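Chemist: Below is a structure I'd like to ask you about.
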Amino acid sequence: MALLLQMQRCVKVKPYNHQLVIAEQAAEILREHMIVYLAMEERTGKTLTSILVVEALAVAKCLVITKKKALDGWLDTIAKYKPTKQLDVTNYHQVAKLEPMDYDIVIIDEAHSYVSGYPKTSKMWADVKRMTLGKPIIYLSATPYAQGYQLLYHQFALSYWSPWKKHKNFYQWFAMYGIPKSIYANGRQIPQYNSVREDAFDCVKHLFITKTRKELDFEHEPEDVIHLVELNDWTKALYNQLTKERIVRLPNDQELICDTTMKLRTSLHMLEGGTAKIDNVYLDLPNREKIDYILANWGDSPDVVIMYQYIAELAKLQAAFKQAKILQATSYAEGVDLSSYSHLIIYSQDWSTARHSQRRARQANMARKTPIKVHFLLVEKAISEQVYTAVAKNKVNYIDSLYYGEEL
């Protein structure tokens, strides 16, 4: 602790006491195991905490790998804190262009997003591993295993010191800890790898530091506020026809055909917000019930953030709002600070429970003095309500098997 206290210099950002304490704990875990996972809740200060960990270690150069949207946040924090160690920041999509250098340590930010896939790895995972080979790793994520412990195997496989190193691949690991299941599709049984025994975590829990905002005395926690938006008769008729027949004729005389469940639920979701997609062409439909609802309740204010999911929704929202901040719900679900805004409105969201958890915490901040209310615009019985029920209440990703074709 004394070492970290000496680091408090004349800088623009001062660490909170909990960040200093956690950094010291994390440094000790790293010295012993060469791996530490900061699994603190969203907005608890993982970025600066990880920088403090690097400062506490006998290292000179650190590589930070993060998301594109989080780059500015990292660079801003580094500029304000002025660490004594060299920190180079890149994003997951640029890692392939880097040459392995003499970095002493690597920070992998939002590790659950890009390096947790299973049962096989991706090219991006291989590109990241080139940079982590033989180096201690600090992992950062508020949701490291939101869909199950199977998400951890390849995250830790990036390290030479993985606690699961004896398992040469995911299949061997799953044979030890997995619960075998399969589904029947296309005339054959297809193995599923998303069920894992609880004791799998016992091998790695000593590497984790977990903290909630409540434990760290945040004054305000995010609270969901559900708004049920009433669709007009034209939209309802179109929605119901698409639900029943999987084909509708749109106002531009084009046919929208949904030949898969995924296409159907995506199209219904887009229809709620007044858009459609046919053959990679995005269409703006006449209905704007959600937009009118926002204008009636919050107006067009610079104090408002609206998050959308689909490309066509961006143009529709930009035409209606000139002052409100408009952000993509997936890209900005993680790594951004919206604590200065009063109102966060979810116009539409993706199917991920992890991103739902991350997204709703964007306004959280220890310094915030006003309540945090996250407003979800849903349509009763429609896809938006089904998605919210899955990701927010049941804590599972919304997939084809959860869709039920109820008419409005």
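Going by the structure tokens order, chains are called A, B, ..., each with residues numbered from 1, while ligands are numbered from 1 in the order shown.
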Could you name the residues that touch His33 in chain A at 8 Å or less, counting only C-alpha atoms, but leaving out those on the same chain fewer than 3 positions away, as a list in words?
Modeler: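 My list of contacting residues is Ile29, Leu30, Val36, Trp161 and Leu207 of chain A.
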Chemist: For CA of Pro191 in chain A and CA of Pro119 in chain A, quote the distance in Å rounded to one decimal.
Modeler: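 Going from CA of Pro191 in chain A over to CA of Pro119 in chain A, I get 10.4 Å.
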Chemist: Go through range 268-342 of chain A and collect every residue that DSSP, computed from the backbone, puts in helix (DSSP H, G or I); the answer should be as JSON, numbers by chain.
Modeler: {"A": [268, 269, 270, 271, 272, 289, 290, 291, 292, 293, 294, 295, 296, 297, 311, 312, 313, 314, 315, 316, 317, 318, 319, 320]}
Chemist: Could I get the residues of range 60-110 of chain A with an atom no further than 10 Å from an atom of range 329-338 of chain A, each paired with its nearest atom pair and that distance in Å to one decimal, using only C-alpha atoms, sorted by chain and residue number, as a tab-separated table?
Modeler:
residue	atom	partner	partner_atom	distance
A:Thr66	CA	A:Gly335	CA	8.9
A:Lys67	CA	A:Gly335	CA	7.8
A:Lys68	CA	A:Ser331	CA	8.7
A:Lys69	CA	A:Ser331	CA	6.8
A:Ala70	CA	A:Gly335	CA	4.9
A:Leu71	CA	A:Gly335	CA	8.6
A:Asp72	CA	A:Val336	CA	9.1
A:Gly73	CA	A:Val336	CA	7.1
A:Trp74	CA	A:Gly335	CA	9.0
A:Asp109	CA	A:Gly335	CA	9.1
A:Glu110	CA	A:Glu334	CA	7.8
Chemist: Would you export the selected residues with N, CA and C atoms as a JSON list (two decimals), in the first residue's frame, please?
Modeler:
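Printed below is part_24.json as written:
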[["chain", "number", "residue", "atom", "x", "y", "z"],
["A", 66, "THR", "N", -7.65, -3.21, -26.15],
["A", 66, "THR", "CA", -9.01, -2.85, -25.77],
["A", 66, "THR", "C", -9.90, -2.76, -27.00],
["A", 67, "LYS", "N", -11.13, -2.34, -26.82],
["A", 67, "LYS", "CA", -12.07, -2.15, -27.92],
["A", 67, "LYS", "C", -11.81, -0.80, -28.59],
["A", 68, "LYS", "N", -12.19, -0.69, -29.86],
["A", 68, "LYS", "CA", -12.02, 0.58, -30.57],
["A", 68, "LYS", "C", -12.67, 1.74, -29.83],
["A", 69, "LYS", "N", -13.91, 1.50, -29.35],
["A", 69, "LYS", "CA", -14.67, 2.58, -28.72],
["A", 69, "LYS", "C", -14.08, 2.99, -27.37],
["A", 70, "ALA", "N", -13.23, 2.14, -26.79],
["A", 70, "ALA", "CA", -12.66, 2.45, -25.48],
["A", 70, "ALA", "C", -11.27, 3.07, -25.58],
["A", 71, "LEU", "N", -10.72, 3.19, -26.79],
["A", 71, "LEU", "CA", -9.37, 3.73, -26.95],
["A", 71, "LEU", "C", -9.23, 5.13, -26.36],
["A", 72, "ASP", "N", -10.17, 6.01, -26.69],
["A", 72, "ASP", "CA", -10.08, 7.39, -26.22],
["A", 72, "ASP", "C", -10.12, 7.45, -24.70],
["A", 73, "GLY", "N", -10.94, 6.59, -24.08],
["A", 73, "GLY", "CA", -11.02, 6.57, -22.63],
["A", 73, "GLY", "C", -9.70, 6.17, -22.00],
["A", 74, "TRP", "N", -9.05, 5.16, -22.57],
["A", 74, "TRP", "CA", -7.74, 4.73, -22.06],
["A", 74, "TRP", "C", -6.71, 5.85, -22.22],
["A", 109, "ASP", "N", -8.40, -5.77, -22.01],
["A", 109, "ASP", "CA", -9.62, -5.11, -21.56],
["A", 109, "ASP", "C", -10.84, -5.74, -22.22],
["A", 110, "GLU", "N", -11.97, -5.75, -21.50],
["A", 110, "GLU", "CA", -13.21, -6.36, -22.01],
["A", 110, "GLU", "C", -12.91, -7.74, -22.59]]
Chemist: Rank A:Ile179, A:Val229, A:Ala58, A:Cys258 by their smallest atom-to-atom distance to Pro136 in chain A, using only C-alpha atoms, and report the top residue only.
Modeler: A:Ala58
Chemist: Which residues come within 8 Å of Glu407 in chain A, counting only C-alpha atoms, excluding same-chain residues fewer than 2 positions away, as a PyMOL selection string?
Modeler: chain A and resi 239-240+243-244+381-382+405
Chemist: Extract, using only C-alpha atoms, all DNA, RNA and protein residues at most 9 Å from His220 in chain A, discarding same-chain residues fewer than 3 positions from it, and format them as an NGL selection string.
Modeler: :A and (213-214 or 217 or 223 or 364-366 or 368-372)
Chemist: Could you go through range 22-265 of chain A and tell me which residues DSSP, when run on the backbone, assigns to strand (DSSP E), listing them as a ChimeraX atom specification?
Modeler: /A:35-38,61-66,86-91,105-108,137-140,181-185,188-192,208-209,222-228,247-249,255-257
Chemist: Would you please work out which residue, of A:Ala185, A:Thr77, A:Thr275, A:Leu152, is nearest to Pro15 in chain A when using only C-alpha atoms?
Modeler: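 Selected residue with least distance to Pro15 in chain A: A:Thr77.
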Chemist: Near range 292-295 of chain A, counting only C-alpha atoms, which residues have an atom at most 12 Å away, once you skip same-chain residues fewer than 6 positions from it, shown as a ChimeraX atom specification?
Modeler: /A:227-232,273-274,301,304-307,316-317,320-324,343-347,375-379
Chemist: Env of Phe208 in chain A: 10 Å cut, atoms = only C-alpha atoms, seq-sep filter 4 positions within chain, self excluded. Answer as a PDB file with N, CA and C atoms, in the first residue's frame.
Modeler:
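New file around_39.pdb:
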ATOM      1  N   ALA A  26      -4.084  -7.028  -6.426  1.00  0.00           N
ATOM      2  CA  ALA A  26      -3.889  -7.593  -7.760  1.00  0.00           C
ATOM      3  C   ALA A  26      -2.410  -7.803  -8.065  1.00  0.00           C
ATOM      4  N   ILE A  29      -1.295 -11.017  -6.462  1.00  0.00           N
ATOM      5  CA  ILE A  29      -1.765 -12.190  -7.215  1.00  0.00           C
ATOM      6  C   ILE A  29      -0.920 -12.384  -8.466  1.00  0.00           C
ATOM      7  N   ILE A  35      -1.128 -14.139 -13.497  1.00  0.00           N
ATOM      8  CA  ILE A  35      -2.457 -13.832 -14.033  1.00  0.00           C
ATOM      9  C   ILE A  35      -3.262 -13.182 -12.914  1.00  0.00           C
ATOM     10  N   VAL A  36      -4.030 -12.136 -13.266  1.00  0.00           N
ATOM     11  CA  VAL A  36      -5.028 -11.622 -12.348  1.00  0.00           C
ATOM     12  C   VAL A  36      -6.209 -11.152 -13.179  1.00  0.00           C
ATOM     13  N   TYR A  37      -7.409 -11.337 -12.634  1.00  0.00           N
ATOM     14  CA  TYR A  37      -8.620 -10.951 -13.352  1.00  0.00           C
ATOM     15  C   TYR A  37      -9.391  -9.941 -12.500  1.00  0.00           C
ATOM     16  N   LEU A  38      -9.441  -8.697 -12.969  1.00  0.00           N
ATOM     17  CA  LEU A  38     -10.220  -7.666 -12.293  1.00  0.00           C
ATOM     18  C   LEU A  38     -11.647  -7.736 -12.827  1.00  0.00           C
ATOM     19  N   ALA A  39     -12.508  -8.431 -12.082  1.00  0.00           N
ATOM     20  CA  ALA A  39     -13.891  -8.656 -12.503  1.00  0.00           C
ATOM     21  C   ALA A  39     -14.822  -7.760 -11.706  1.00  0.00           C
ATOM     22  N   MET A  40     -14.443  -6.513 -11.594  1.00  0.00           N
ATOM     23  CA  MET A  40     -15.234  -5.535 -10.854  1.00  0.00           C
ATOM     24  C   MET A  40     -16.396  -5.058 -11.724  1.00  0.00           C
ATOM     25  N   TYR A 139      -6.443  -9.269 -16.823  1.00  0.00           N
ATOM     26  CA  TYR A 139      -7.713  -9.321 -17.541  1.00  0.00           C
ATOM     27  C   TYR A 139      -8.696  -8.351 -16.884  1.00  0.00           C
ATOM     28  N   LEU A 140      -9.486  -7.676 -17.726  1.00  0.00           N
ATOM     29  CA  LEU A 140     -10.510  -6.763 -17.218  1.00  0.00           C
ATOM     30  C   LEU A 140     -11.859  -7.098 -17.849  1.00  0.00           C
ATOM     31  N   VAL A 204      -9.891 -21.559 -10.747  1.00  0.00           N
ATOM     32  CA  VAL A 204      -9.435 -20.232 -11.175  1.00  0.00           C
ATOM     33  C   VAL A 204      -9.886 -19.099 -10.258  1.00  0.00           C
TER      34      VAL A 204
END
Chemist: With only C-alpha atoms as the basis for distance, which of A:Asp104, A:Glu28, A:Glu406, A:Asp300 is at the shortest distance from Val64 in chain A?
Modeler: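 Of A:Asp104, A:Glu28, A:Glu406, A:Asp300, the one nearest Val64 in chain A, counting only C-alpha atoms, is A:Asp104.
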